[in-house]
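**Student:** Below you'll find the structure I mean.
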Amino acid sequence: TFGRGVWEIGPLTGAVASVVPHGAPLAAPSANFTVATVNPRPLRRVTFQDASSGIPASWKWAFGDGGTSSLEEPTHVYASAGTFNVELTATNASGVSRVTKPITVAYPNTGTGDALTYLIPVVLTAQGQGGSAFATELTLGNRSGRTLNLTFRFLATGGFSGVSTFSLPPGQVVYPDVFAFLRDFTGLSVPAGSTVGSLRIEVRGADDLAQFGAAVRVTTPPNTDQQAQGIGGRFGLSFPAVPLTTAASKEAVIYGLQETSATGQPGTRSNVACVHAGAGSLGELRLELSYHDGDTGKESAQKDTLTLAPFQFSQRTQPLAARGIKHGWATVKRTGGNDQFFCYGVLNDNVNSDGSFVPMLTTDAPSPITQVMIPVIVGTDTFKSELTIANRSKSNLDGTFAVVLTANGHVEFGSFEVDAGHQLTVPDVVAELRSAGLNLPNGSVATMAISFEKDEADDSPSDDGVPTISSSDAYAGVRTYASRSGGLFGLAYGQVPLGAAADSEAYVYGLQQSGTQGADGGTRSNLAVLHALGGGEEVLQLEVTYFGPNGQELGKDRSCSPCSLKPGQLKQFNAPLDGKNGFTVPQGYARIRRLSGSDQFIAYGVLNDQANNDGSYVPMTMP
C-alpha cells in the first residue's frame, strides 16, 4: 500500500575520513585519485574519486580540457574524444601535493573490426493468437553526414540464413515491412510466408556508435471481431537495435511478467525470448531460465533451458501459465559458452493481442545505485498507468517516492512496502496515490522518483546491515494504457537509475507524422523531455532540434526555446512534425541538448497509431 513518507530529491554523498589523534601533527597530503567511470565516453559524465592520503582540506581539479572543480569527488563531461591529462591538487594546513594522470575518453565500439555491429533480437511476419497477424516495420537512421555501408545478416528460426548489403545515405528512412525491404532493396531471398528470426546489422563508415540508429516496430491489424467493435489501424510495440558488447554476460532479469487470464478474457499474458548476441567467440551458448512467483515469493522448480547458436532466437510462450504464476519475473543465467545474450519479455493483452516490450535488466554485477526515475505516470480520462515494483532481495523493501507534476513542478511525497521476493502491481497508480491522500488532480501527468530502502524493522539473518537495496535487486516499471472494447492498448517502459541518463546530448530516432487522426494508415509521434535529477536540484535548460528525412536541420521546437525544467519536471511536445514548428515532414528525428545546469535529462518518443491511439515507446539514444 502507498502512504505518506519522506523522500529527498538529490542523493546524499560523502566520505568518512580517518581521525587524527589529539595533539598529533597534521601530515601534508599526498595527492592521488581514481576514475570511477568505466570506459569514459564523450558527452557522458565521468566521475573522479579522491584517493589522497594525509586528510586534504581542499581539492582543485583540472580536467585537461579547460574544465575545473573544487569538489572532493567531482563529475565532468568531456565534449569530445581524446586523451586528457587530469591534475589534482590536494591541500591542507601542512602542505600541497599534486598528481597528474592521463584519461582516455572514447566512443564505444563493438569489437568487430572495421564494422560497428548491432543486433535486432527479432523481426517477424507471423500469425499469433486470437487471429493476430504480425509484421515488422524497420527504421534506419544515419547522422554521420555521409553514406554508410550496411551488411545485413538474417538468421531465421527455421534454419534459413542470408547476407545482403545496402548503402544508407544521411538522414532517416522508414520501411513498413522489413522483409520487403530485404528482398527489394538488398536482394536477400527471404522465404515467403511466416518468418521469425534475428537480424544483425554491420555498419561501416561511421566514426562511432552515436552516428547510426535502428529500430523496429512489430504490429498487427485488428481481427474480424475487433473490426466489428470499431477498432482500426495497427497496434503493437517497438524496440531499438542493440549494439554488440552491451548485452548481458552472466545474468539478467525480466521483471513485471503477468499471466492473469485466458486468451479472449480481460487480462494479460507474457512471453519471454532470448537471442545469442554473438559478440565474442561465436560459439554455442547455453542459458537457464528460472521463474519467480511474485505473489508467493517462491521460485518455481521447473526451469527452461536454451541452447543457442550465434544470433539464434528462441521464445518461451506464456512460461508463467505452465507454472501457475500470475505475477513474477524471469532470471536468465548463462550456464555454458562465453558470449553475451539479450533477452526481453512481452506483455500481451488477452483481448486484442496488443504487446508491450519489457527489456531485460542486466545484473552481471550489483548496481551501487538505489534511486531511480520513472519517466512518466498518467491519470487522465483516457490514459492510465499501471505500476509494477519488484523486490528480489532478501530484505523487505520500505521505499519512498516523489511524484512531480508536469504542469507546475509541484512535488508530492509518499512511501510503499514490498516484501522480500515479491512483486506488487498497481493497475492505476495515480488513482491509488490519490486515494492514499496525495494531491493529484484528475488529468495528472507526472514523473516519479523512487528510492529503494530496506525496512528498518527487518532484522532477518540475511540482512547485510546496508540501509538501501540495489536497483539491480529492486525494479519499478510502468505500462501506460487506454481501455477500449474490453482490452488495453498501451506501452511499457522501465526505471532509469539516477546517474544513468543523458548529460549533454541525446537523440530520439523514428518520429513519424502521417495520415489523419481517427483514420487507418497513419502514425503520429510525441516527444517528451524531463529533468532526471542527479543531485544538483537546479533548473535545467534544454534545446530541442528536429531533423528531416535527408538529415537536414528543420528547426528548433518553438514551444521550448529553451525548455526550463524544475527537478523531476516533464514537458511533452505533441505531433512536433505536423507544422506547428514551421515545417511538415512525414518522419524525422530529434536532438536534445542541455544548455545550462549540471543535472541529467531523459528524452523519449511515442509512436501513436492514428486510428486506435495505441502507443509504442521509443527510448533515447545517447552518444
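A note on labels: chains of the C-alpha cells are A, B, ... as shown, every chain counts residues from 1, and ligands are counted from 1 in their shown order.
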Skipping near chain neighbours, those fewer than 4 positions away, what residues fall within 8 Å of segment 229-238 of chain A using only C-alpha atoms, listed as a ChimeraX atom specification?

**Tutor:** /A:215-222,225,354-357,485,489,491,519-522,609-612,614-618

**Student:** Go ahead and write the selection's residues with N, CA, C and O atoms as a short mmCIF file (atom, residue, chain, number, x, y, z; two decimals), in the first residue's frame.

**Tutor:**
```cif
data_model
loop_
_atom_site.label_atom_id
_atom_site.label_comp_id
_atom_site.auth_asym_id
_atom_site.auth_seq_id
_atom_site.Cartn_x
_atom_site.Cartn_y
_atom_site.Cartn_z
N ALA A 215 15.74 0.69 -35.40
CA ALA A 215 14.67 0.22 -34.52
C ALA A 215 13.63 -0.49 -35.35
O ALA A 215 13.54 -0.28 -36.58
N VAL A 216 12.84 -1.33 -34.71
CA VAL A 216 11.72 -1.98 -35.39
C VAL A 216 10.45 -1.75 -34.58
O VAL A 216 10.49 -1.49 -33.37
N ARG A 217 9.33 -1.83 -35.28
CA ARG A 217 8.01 -1.80 -34.64
C ARG A 217 7.23 -3.00 -35.16
O ARG A 217 7.03 -3.15 -36.37
N VAL A 218 6.82 -3.87 -34.26
CA VAL A 218 6.08 -5.08 -34.60
C VAL A 218 4.61 -4.81 -34.31
O VAL A 218 4.23 -4.49 -33.17
N THR A 219 3.75 -4.93 -35.33
CA THR A 219 2.35 -4.58 -35.18
C THR A 219 1.45 -5.63 -35.81
O THR A 219 1.88 -6.45 -36.63
N THR A 220 0.18 -5.57 -35.43
CA THR A 220 -0.85 -6.42 -36.02
C THR A 220 -2.11 -5.60 -36.26
O THR A 220 -2.43 -4.71 -35.46
N PRO A 221 -2.85 -5.84 -37.36
CA PRO A 221 -4.14 -5.18 -37.53
C PRO A 221 -5.19 -5.87 -36.66
O PRO A 221 -4.98 -7.00 -36.19
N PRO A 222 -6.31 -5.23 -36.42
CA PRO A 222 -7.37 -5.89 -35.64
C PRO A 222 -7.94 -7.08 -36.40
O PRO A 222 -7.97 -7.10 -37.64
N ASP A 225 -13.37 -9.74 -35.28
CA ASP A 225 -14.19 -9.35 -34.13
C ASP A 225 -13.85 -7.93 -33.68
O ASP A 225 -14.75 -7.15 -33.33
N ASP A 354 -2.50 -6.70 -28.22
CA ASP A 354 -1.54 -5.61 -28.23
C ASP A 354 -0.38 -5.96 -27.30
O ASP A 354 -0.58 -6.45 -26.19
N GLY A 355 0.86 -5.69 -27.75
CA GLY A 355 2.03 -6.04 -26.96
C GLY A 355 2.75 -4.83 -26.41
O GLY A 355 2.71 -3.73 -26.97
N SER A 356 3.44 -5.03 -25.29
CA SER A 356 4.31 -4.02 -24.69
C SER A 356 5.66 -4.67 -24.43
O SER A 356 5.73 -5.74 -23.82
N PHE A 357 6.71 -4.02 -24.89
CA PHE A 357 8.07 -4.56 -24.81
C PHE A 357 8.67 -4.31 -23.44
O PHE A 357 8.65 -3.18 -22.94
N SER A 485 -12.98 -1.54 -25.72
CA SER A 485 -13.61 -2.80 -26.13
C SER A 485 -13.12 -3.97 -25.28
O SER A 485 -12.89 -5.06 -25.79
N PHE A 489 -4.83 -1.02 -24.74
CA PHE A 489 -3.83 -0.64 -25.72
C PHE A 489 -2.79 0.21 -25.00
O PHE A 489 -3.13 1.25 -24.42
N LEU A 491 1.76 0.79 -23.79
CA LEU A 491 3.20 0.66 -23.99
C LEU A 491 3.85 0.57 -22.61
O LEU A 491 3.29 0.99 -21.60
N ALA A 519 -8.25 7.82 -38.58
CA ALA A 519 -8.33 7.03 -39.81
C ALA A 519 -7.20 6.01 -39.87
O ALA A 519 -6.14 6.19 -39.25
N ASP A 520 -7.42 4.95 -40.64
CA ASP A 520 -6.40 3.92 -40.81
C ASP A 520 -5.21 4.46 -41.61
O ASP A 520 -5.33 5.40 -42.40
N GLY A 521 -4.07 3.81 -41.39
CA GLY A 521 -2.93 4.02 -42.27
C GLY A 521 -2.00 5.15 -41.89
O GLY A 521 -1.24 5.63 -42.75
N GLY A 522 -1.99 5.58 -40.65
CA GLY A 522 -1.09 6.68 -40.29
C GLY A 522 -0.53 6.55 -38.89
O GLY A 522 -1.02 5.77 -38.06
N ASP A 609 -0.62 5.10 -33.18
CA ASP A 609 -1.42 4.79 -34.36
C ASP A 609 -2.56 5.80 -34.47
O ASP A 609 -3.25 6.09 -33.48
N GLN A 610 -2.78 6.33 -35.66
CA GLN A 610 -3.78 7.38 -35.84
C GLN A 610 -5.20 6.86 -35.64
O GLN A 610 -6.09 7.62 -35.23
N ALA A 611 -5.44 5.56 -35.90
CA ALA A 611 -6.81 5.04 -35.83
C ALA A 611 -7.21 4.63 -34.42
O ALA A 611 -8.36 4.84 -34.00
N ASN A 612 -6.28 4.02 -33.66
CA ASN A 612 -6.68 3.46 -32.36
C ASN A 612 -5.92 4.03 -31.17
O ASN A 612 -6.17 3.65 -30.03
N ASP A 614 -3.04 3.49 -30.08
CA ASP A 614 -2.06 2.63 -29.41
C ASP A 614 -0.68 3.22 -29.56
O ASP A 614 -0.30 3.70 -30.63
N GLY A 615 0.11 3.18 -28.48
CA GLY A 615 1.43 3.78 -28.50
C GLY A 615 2.55 2.76 -28.42
O GLY A 615 2.38 1.65 -27.90
N SER A 616 3.70 3.13 -28.96
CA SER A 616 4.93 2.35 -28.85
C SER A 616 6.01 3.27 -28.31
O SER A 616 6.22 4.38 -28.82
N TYR A 617 6.72 2.82 -27.29
CA TYR A 617 7.72 3.64 -26.60
C TYR A 617 9.03 3.61 -27.36
O TYR A 617 9.52 2.55 -27.77
N VAL A 618 9.64 4.79 -27.56
CA VAL A 618 10.90 4.92 -28.28
C VAL A 618 11.92 5.55 -27.33
O VAL A 618 11.86 6.76 -27.05
#
```

**Student:** Would you list the contacts of segment 525-540 of chain A as a VMD selection string, taking every protein, DNA or RNA residue within 8 Å and counting only C-alpha atoms, but skipping same-chain residues closer than 4 positions in sequence?

**Tutor:** chain A and resid 9 to 12 373 375 498 to 499 501 511 to 513 563 to 577 594 to 608

**Student:** Write the residues of the selection above to a file with C-alpha atoms, as a compact mmCIF listing (two decimals), in the first residue's frame.

**Tutor:**
```txt
# COMPACT_ATOMS: atom_id res chain seq x y z
CA ILE A 9 15.35 14.84 -4.11
CA GLY A 10 19.06 14.52 -4.76
CA PRO A 11 21.20 11.69 -3.39
CA LEU A 12 23.38 12.39 -0.39
CA MET A 373 13.33 7.68 -12.19
CA PRO A 375 9.78 8.86 -16.95
CA LEU A 498 19.87 8.17 -11.21
CA GLY A 499 23.16 8.99 -12.89
CA ALA A 501 20.59 9.37 -18.06
CA LEU A 511 9.50 10.04 -35.18
CA GLN A 512 6.66 9.91 -37.73
CA GLN A 513 3.74 12.07 -38.84
CA CYS A 563 12.82 24.46 -22.09
CA SER A 564 13.24 25.31 -18.40
CA LEU A 565 12.58 22.27 -16.24
CA LYS A 566 12.43 22.10 -12.46
CA PRO A 567 13.86 18.98 -10.78
CA GLY A 568 11.79 16.00 -11.93
CA GLN A 569 9.57 18.05 -14.25
CA LEU A 570 8.47 16.73 -17.68
CA LYS A 571 7.46 18.54 -20.87
CA GLN A 572 5.75 16.83 -23.83
CA PHE A 573 5.54 18.00 -27.44
CA ASN A 574 2.53 16.60 -29.28
CA ALA A 575 2.97 15.88 -33.01
CA PRO A 576 6.01 18.19 -33.40
CA LEU A 577 6.46 17.31 -37.10
CA ARG A 594 21.49 20.64 -22.36
CA LEU A 595 22.16 24.39 -22.45
CA SER A 596 22.55 25.08 -18.72
CA GLY A 597 22.52 23.23 -15.44
CA SER A 598 24.55 20.19 -14.42
CA ASP A 599 21.86 17.57 -13.80
CA GLN A 600 20.85 14.90 -16.26
CA PHE A 601 17.82 14.58 -18.51
CA ILE A 602 15.74 11.85 -20.16
CA ALA A 603 14.10 12.07 -23.58
CA TYR A 604 11.75 9.64 -25.30
CA GLY A 605 9.29 9.40 -28.13
CA VAL A 606 5.92 7.70 -28.55
CA LEU A 607 4.59 6.39 -31.89
CA ASN A 608 0.79 6.55 -31.83
```

**Student:** What's around Ala262 of chain A at 12 Å? Count only C-alpha atoms, leave out sequence neighbours fewer than 6 positions away in its own chain, and write the answer as a PyMOL selection string.

**Tutor:** chain A and resi 129-130+268-270+318+321+326+348-351+353

**Student:** Give me the residues near Leu433 of chain A as a list in words, where near means some atom within 12 Å (using only C-alpha atoms) and where sequence neighbours in that chain fewer than 6 positions away do not count.

**Tutor:**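 Near Leu433 of chain A, the qualifying residues are Thr1, Phe2, Gly3, Arg4, Ile377, Val378, Gly379, Ser385, Glu386, Leu387, Phe401, Ala402, Val403, Glu412, Phe413, Gly414, Ser415, Phe416, Val426, Pro427, Asn439, Leu440, Pro441, Asn442, Ser444 and Met448 of chain A.
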
**Student:** Among segment 281-499 of chain A, which residues carry a DSSP assignment of helix (DSSP H, G or I), reported as JSON, numbers by chain?

**Tutor:** {"A": [321, 322, 323, 429, 430, 431, 432, 433, 434, 435]}

**Student:** Got a sec: who's within 9 Å of Lys60 of chain A, counting only C-alpha atoms, leaving out chain neighbours fewer than 2 positions off, as a ChimeraX atom specification?

**Tutor:** /A:58,62,68-72,87-91

**Student:** Write out the residues from the selection above, keeping all heavy atoms, as a compact mmCIF listing (two decimals), in the first residue's frame.

**Tutor:**
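out-v5.txt, written as the output of this step:
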```txt
# COMPACT_ATOMS: atom_id res chain seq x y z
N SER A 58 41.20 20.77 1.05
CA SER A 58 40.62 21.31 -0.18
C SER A 58 41.20 20.58 -1.38
O SER A 58 42.28 19.97 -1.30
CB SER A 58 40.89 22.82 -0.29
OG SER A 58 42.28 23.07 -0.40
N ALA A 62 41.87 19.95 -12.39
CA ALA A 62 41.94 20.46 -13.76
C ALA A 62 41.81 19.26 -14.68
O ALA A 62 42.63 18.34 -14.64
CB ALA A 62 43.25 21.19 -14.00
N THR A 68 37.39 22.77 -14.60
CA THR A 68 37.95 22.67 -13.26
C THR A 68 36.85 22.37 -12.26
O THR A 68 35.65 22.52 -12.56
CB THR A 68 38.66 23.98 -12.85
OG1 THR A 68 37.70 25.05 -12.85
CG2 THR A 68 39.80 24.32 -13.80
N SER A 69 37.26 21.98 -11.05
CA SER A 69 36.32 21.75 -9.96
C SER A 69 37.06 21.83 -8.63
O SER A 69 38.26 21.56 -8.57
CB SER A 69 35.65 20.38 -10.09
OG SER A 69 34.81 20.11 -8.97
N SER A 70 36.33 22.19 -7.57
CA SER A 70 36.90 22.20 -6.23
C SER A 70 36.22 21.18 -5.33
O SER A 70 36.41 21.20 -4.12
CB SER A 70 36.78 23.60 -5.62
OG SER A 70 35.42 24.01 -5.55
N LEU A 71 35.43 20.28 -5.91
CA LEU A 71 34.76 19.25 -5.12
C LEU A 71 35.72 18.11 -4.79
O LEU A 71 36.70 17.87 -5.50
CB LEU A 71 33.55 18.71 -5.88
CG LEU A 71 32.43 19.70 -6.20
CD1 LEU A 71 31.35 19.02 -7.03
CD2 LEU A 71 31.84 20.29 -4.92
N GLU A 72 35.37 17.36 -3.75
CA GLU A 72 36.19 16.21 -3.38
C GLU A 72 36.05 15.09 -4.41
O GLU A 72 37.03 14.45 -4.77
CB GLU A 72 35.80 15.71 -1.99
CG GLU A 72 36.59 14.51 -1.51
CD GLU A 72 36.16 14.04 -0.14
OE1 GLU A 72 35.24 14.65 0.45
OE2 GLU A 72 36.73 13.05 0.36
N GLU A 87 44.73 16.76 -13.57
CA GLU A 87 45.59 17.14 -12.44
C GLU A 87 44.74 17.38 -11.20
O GLU A 87 43.73 18.09 -11.26
CB GLU A 87 46.38 18.40 -12.75
CG GLU A 87 47.31 18.83 -11.62
CD GLU A 87 48.03 20.13 -11.93
OE1 GLU A 87 47.41 21.21 -11.73
OE2 GLU A 87 49.20 20.06 -12.37
N LEU A 88 45.14 16.78 -10.08
CA LEU A 88 44.52 17.03 -8.79
C LEU A 88 45.54 17.68 -7.87
O LEU A 88 46.66 17.17 -7.71
CB LEU A 88 44.02 15.72 -8.16
CG LEU A 88 43.61 15.82 -6.68
CD1 LEU A 88 42.42 16.77 -6.51
CD2 LEU A 88 43.28 14.43 -6.12
N THR A 89 45.14 18.79 -7.27
CA THR A 89 45.94 19.45 -6.25
C THR A 89 45.22 19.31 -4.92
O THR A 89 44.08 19.79 -4.77
CB THR A 89 46.15 20.95 -6.57
OG1 THR A 89 46.76 21.08 -7.84
CG2 THR A 89 47.02 21.61 -5.51
N ALA A 90 45.85 18.63 -3.96
CA ALA A 90 45.28 18.42 -2.64
C ALA A 90 46.04 19.28 -1.63
O ALA A 90 47.28 19.30 -1.63
CB ALA A 90 45.37 16.94 -2.25
N THR A 91 45.30 19.97 -0.76
CA THR A 91 45.91 20.94 0.14
C THR A 91 45.36 20.79 1.55
O THR A 91 44.15 20.53 1.73
CB THR A 91 45.63 22.38 -0.35
OG1 THR A 91 46.07 22.52 -1.70
CG2 THR A 91 46.33 23.42 0.52
```

**Student:** Taking only C-alpha atoms into account, name the residue in A:Thr224, A:Thr380, A:Ser393, A:Asn271 that is nearest to Pro366 of chain A.

**Tutor:** A:Ser393

**Student:** Excluding same-chain residues fewer than 2 positions from segment 97-109 of chain A, what lies within 8 Å of it counting only C-alpha atoms, as a VMD selection string?

**Tutor:** chain A and resid 28 to 32 39 to 42 78 80 to 91 95 111 to 112 116 208 to 210 623

**Student:** Can you write out the residues you just picked, keeping N, CA, C and O atoms, as a compact mmCIF listing (two decimals), in the first residue's frame?

**Tutor:**
```
# COMPACT_ATOMS: atom_id res chain seq x y z
N ALA A 28 51.22 16.53 5.72
CA ALA A 28 50.88 17.09 4.41
C ALA A 28 50.23 16.00 3.56
O ALA A 28 50.55 14.82 3.69
N PRO A 29 49.31 16.36 2.69
CA PRO A 29 48.64 15.35 1.88
C PRO A 29 49.56 14.79 0.79
O PRO A 29 50.55 15.41 0.42
N SER A 30 49.20 13.63 0.34
CA SER A 30 49.82 13.03 -0.84
C SER A 30 48.70 12.80 -1.85
O SER A 30 47.85 11.91 -1.66
N ALA A 31 48.66 13.61 -2.89
CA ALA A 31 47.53 13.61 -3.82
C ALA A 31 47.46 12.32 -4.62
O ALA A 31 48.47 11.80 -5.09
N ASN A 32 46.25 11.83 -4.79
CA ASN A 32 46.00 10.65 -5.61
C ASN A 32 44.51 10.61 -5.93
O ASN A 32 43.68 11.14 -5.17
N ASN A 39 35.22 2.94 -18.85
CA ASN A 39 35.16 3.31 -20.27
C ASN A 39 34.52 4.69 -20.49
O ASN A 39 33.44 4.82 -21.08
N PRO A 40 35.16 5.76 -20.02
CA PRO A 40 34.60 7.10 -20.20
C PRO A 40 34.36 7.43 -21.66
O PRO A 40 35.15 7.06 -22.53
N ARG A 41 33.26 8.13 -21.92
CA ARG A 41 32.93 8.48 -23.29
C ARG A 41 32.53 9.95 -23.38
O ARG A 41 32.11 10.54 -22.38
N PRO A 42 32.62 10.55 -24.56
CA PRO A 42 32.22 11.95 -24.72
C PRO A 42 30.73 12.15 -24.41
O PRO A 42 29.90 11.26 -24.62
N TYR A 78 33.19 15.46 -20.89
CA TYR A 78 34.09 15.84 -21.98
C TYR A 78 33.29 15.97 -23.27
O TYR A 78 32.47 15.10 -23.60
N SER A 80 34.45 15.95 -26.34
CA SER A 80 34.98 15.20 -27.47
C SER A 80 35.87 14.07 -26.97
O SER A 80 36.24 14.00 -25.80
N ALA A 81 36.20 13.16 -27.90
CA ALA A 81 37.08 12.06 -27.57
C ALA A 81 38.53 12.55 -27.52
O ALA A 81 38.88 13.58 -28.10
N GLY A 82 39.38 11.79 -26.81
CA GLY A 82 40.79 12.14 -26.73
C GLY A 82 41.40 11.67 -25.44
O GLY A 82 40.73 11.08 -24.59
N THR A 83 42.70 11.92 -25.29
CA THR A 83 43.41 11.62 -24.05
C THR A 83 43.70 12.94 -23.35
O THR A 83 44.26 13.87 -23.94
N PHE A 84 43.30 13.04 -22.08
CA PHE A 84 43.40 14.28 -21.33
C PHE A 84 44.22 14.05 -20.06
O PHE A 84 44.07 13.01 -19.40
N ASN A 85 45.07 15.01 -19.74
CA ASN A 85 45.87 14.93 -18.52
C ASN A 85 45.11 15.61 -17.38
O ASN A 85 44.92 16.84 -17.39
N VAL A 86 44.66 14.81 -16.42
CA VAL A 86 43.88 15.30 -15.30
C VAL A 86 44.81 15.56 -14.12
O VAL A 86 45.58 14.68 -13.72
N GLU A 87 44.73 16.76 -13.57
CA GLU A 87 45.59 17.14 -12.44
C GLU A 87 44.74 17.38 -11.20
O GLU A 87 43.73 18.09 -11.26
N LEU A 88 45.14 16.78 -10.08
CA LEU A 88 44.52 17.03 -8.79
C LEU A 88 45.54 17.68 -7.87
O LEU A 88 46.66 17.17 -7.71
N THR A 89 45.14 18.79 -7.27
CA THR A 89 45.94 19.45 -6.25
C THR A 89 45.22 19.31 -4.92
O THR A 89 44.08 19.79 -4.77
N ALA A 90 45.85 18.63 -3.96
CA ALA A 90 45.28 18.42 -2.64
C ALA A 90 46.04 19.28 -1.63
O ALA A 90 47.28 19.30 -1.63
N THR A 91 45.30 19.97 -0.76
CA THR A 91 45.91 20.94 0.14
C THR A 91 45.36 20.79 1.55
O THR A 91 44.15 20.53 1.73
N GLY A 95 50.60 21.48 3.90
CA GLY A 95 51.26 21.44 2.61
C GLY A 95 50.34 21.22 1.43
O GLY A 95 49.11 21.13 1.57
N GLY A 111 33.82 -4.10 -30.97
CA GLY A 111 34.85 -5.13 -31.01
C GLY A 111 34.80 -6.00 -32.24
O GLY A 111 35.25 -7.15 -32.21
N THR A 112 34.27 -5.47 -33.34
CA THR A 112 34.12 -6.27 -34.57
C THR A 112 34.88 -5.63 -35.72
O THR A 112 34.36 -5.47 -36.83
N LEU A 116 30.84 -1.57 -37.01
CA LEU A 116 30.10 -1.41 -35.78
C LEU A 116 28.83 -2.25 -35.94
O LEU A 116 28.05 -2.04 -36.87
N ASP A 208 31.55 6.25 -34.92
CA ASP A 208 31.23 5.71 -33.60
C ASP A 208 29.77 5.27 -33.58
O ASP A 208 29.01 5.51 -34.53
N LEU A 209 29.38 4.65 -32.47
CA LEU A 209 28.03 4.13 -32.34
C LEU A 209 26.97 5.22 -32.30
O LEU A 209 25.78 4.94 -32.48
N ALA A 210 27.39 6.46 -32.04
CA ALA A 210 26.42 7.55 -31.94
C ALA A 210 25.90 8.02 -33.29
O ALA A 210 24.95 8.79 -33.34
N PRO A 623 25.10 9.29 -27.11
CA PRO A 623 26.39 9.03 -27.73
C PRO A 623 27.25 8.09 -26.88
O PRO A 623 27.09 8.03 -25.67
```

**Student:** What does the distance from atom CA of Asn391 of chain A to atom CA of Tyr493 of chain A come to in Å, to one decimal?

**Tutor:** 17.5 Å

**Student:** Check the DSSP output for the backbone and give back, as a PyMOL selection string, the residues of segment 176-312 of chain A in strand (DSSP E or B).

**Tutor:** chain A and resi 195-204+212-220+235-240+242-243+248+251-258+268-276+285-293+298-299+304-308

**Student:** Could you produce a table of the residues of segment 224-321 of chain A lying within 12 Å of segment 201-206 of chain A, with the nearest pair of atoms per residue and their separation in Å rounded to one decimal, using only C-alpha atoms, ordered by chain and increasing residue number, as a tab-separated table?

**Tutor:**
```
residue	atom	partner	partner_atom	distance
A:Ala241	CA	A:Ile201	CA	8.7
A:Val242	CA	A:Ile201	CA	9.9
A:Pro243	CA	A:Ile201	CA	9.3
A:Leu244	CA	A:Ile201	CA	10.1
A:Phe311	CA	A:Ile201	CA	11.5
```

**Student:** Given the selection you just returned, output its residues as a file containing all heavy atoms, formatted as an mmCIF file, in the first residue's frame.

**Tutor:**
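The resulting file, part-v3.cif, is reproduced below:
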```cif
data_model
loop_
_atom_site.group_PDB
_atom_site.id
_atom_site.type_symbol
_atom_site.label_atom_id
_atom_site.label_comp_id
_atom_site.auth_asym_id
_atom_site.auth_seq_id
_atom_site.Cartn_x
_atom_site.Cartn_y
_atom_site.Cartn_z
ATOM 1 N N ALA A 241 17.656 -1.424 -31.971
ATOM 2 C CA ALA A 241 18.755 -2.357 -32.185
ATOM 3 C C ALA A 241 19.745 -2.227 -31.026
ATOM 4 O O ALA A 241 19.944 -1.150 -30.477
ATOM 5 C CB ALA A 241 19.452 -2.057 -33.510
ATOM 6 N N VAL A 242 20.374 -3.357 -30.671
ATOM 7 C CA VAL A 242 21.287 -3.404 -29.530
ATOM 8 C C VAL A 242 22.719 -3.493 -30.044
ATOM 9 O O VAL A 242 23.052 -4.436 -30.770
ATOM 10 C CB VAL A 242 20.977 -4.635 -28.643
ATOM 11 C CG1 VAL A 242 21.918 -4.672 -27.449
ATOM 12 C CG2 VAL A 242 19.525 -4.618 -28.189
ATOM 13 N N PRO A 243 23.593 -2.533 -29.704
ATOM 14 C CA PRO A 243 24.997 -2.685 -30.109
ATOM 15 C C PRO A 243 25.624 -3.908 -29.436
ATOM 16 O O PRO A 243 25.384 -4.159 -28.245
ATOM 17 C CB PRO A 243 25.656 -1.393 -29.608
ATOM 18 C CG PRO A 243 24.534 -0.435 -29.406
ATOM 19 C CD PRO A 243 23.356 -1.268 -29.013
ATOM 20 N N LEU A 244 26.386 -4.670 -30.186
ATOM 21 C CA LEU A 244 27.074 -5.802 -29.587
ATOM 22 C C LEU A 244 28.001 -5.309 -28.479
ATOM 23 O O LEU A 244 28.520 -4.194 -28.533
ATOM 24 C CB LEU A 244 27.879 -6.571 -30.634
ATOM 25 C CG LEU A 244 27.089 -7.253 -31.758
ATOM 26 C CD1 LEU A 244 27.991 -8.227 -32.507
ATOM 27 C CD2 LEU A 244 25.865 -7.981 -31.241
ATOM 28 N N PHE A 311 23.598 -15.790 -32.764
ATOM 29 C CA PHE A 311 22.498 -14.960 -33.242
ATOM 30 C C PHE A 311 21.171 -15.717 -33.351
ATOM 31 O O PHE A 311 20.221 -15.208 -33.934
ATOM 32 C CB PHE A 311 22.860 -14.288 -34.580
ATOM 33 C CG PHE A 311 24.145 -13.533 -34.512
ATOM 34 C CD1 PHE A 311 25.276 -14.017 -35.140
ATOM 35 C CD2 PHE A 311 24.243 -12.357 -33.800
ATOM 36 C CE1 PHE A 311 26.480 -13.334 -35.060
ATOM 37 C CE2 PHE A 311 25.439 -11.678 -33.710
ATOM 38 C CZ PHE A 311 26.556 -12.160 -34.342
#
```

**Student:** Rounded to one decimal place, report the atom CA of Gln517 of chain A-atom CA of Ile592 of chain A distance in Å.

**Tutor:**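 Atom CA of Ile592 of chain A lies at a distance of 26.7 Å from atom CA of Gln517 of chain A.
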
**Student:** Determine, using only C-alpha atoms, which residues of segment 326-427 of chain A have any atom at most 10 Å from an atom of segment 288-303 of chain A, and tabulate each with its shortest atom pair and distance in Å to one decimal place, rows ordered by chain and then rising number, as CSV.

**Tutor:**
```
residue,atom,partner,partner_atom,distance
A:Lys326,CA,A:Asp293,CA,7.4
A:His327,CA,A:Gly294,CA,5.3
A:Gly328,CA,A:Gly294,CA,4.3
A:Trp329,CA,A:His292,CA,5.4
A:Ala330,CA,A:Tyr291,CA,4.6
A:Thr331,CA,A:Ser290,CA,5.2
A:Val332,CA,A:Leu289,CA,4.6
A:Lys333,CA,A:Glu288,CA,5.3
A:Arg334,CA,A:Glu288,CA,6.4
A:Thr335,CA,A:Glu288,CA,6.6
A:Gly336,CA,A:Glu288,CA,9.3
A:Ile389,CA,A:Gly294,CA,9.9
A:Ala390,CA,A:Gly294,CA,7.5
A:Asn391,CA,A:Gly294,CA,8.5
A:Arg392,CA,A:Gly297,CA,8.6
A:Asp419,CA,A:Gly297,CA,8.2
A:Ala420,CA,A:Gly297,CA,7.1
A:Gly421,CA,A:Gly297,CA,4.5
A:His422,CA,A:Gly294,CA,4.1
A:Gln423,CA,A:Gly294,CA,4.3
A:Leu424,CA,A:Gly294,CA,7.4
A:Thr425,CA,A:Gly294,CA,9.6
```
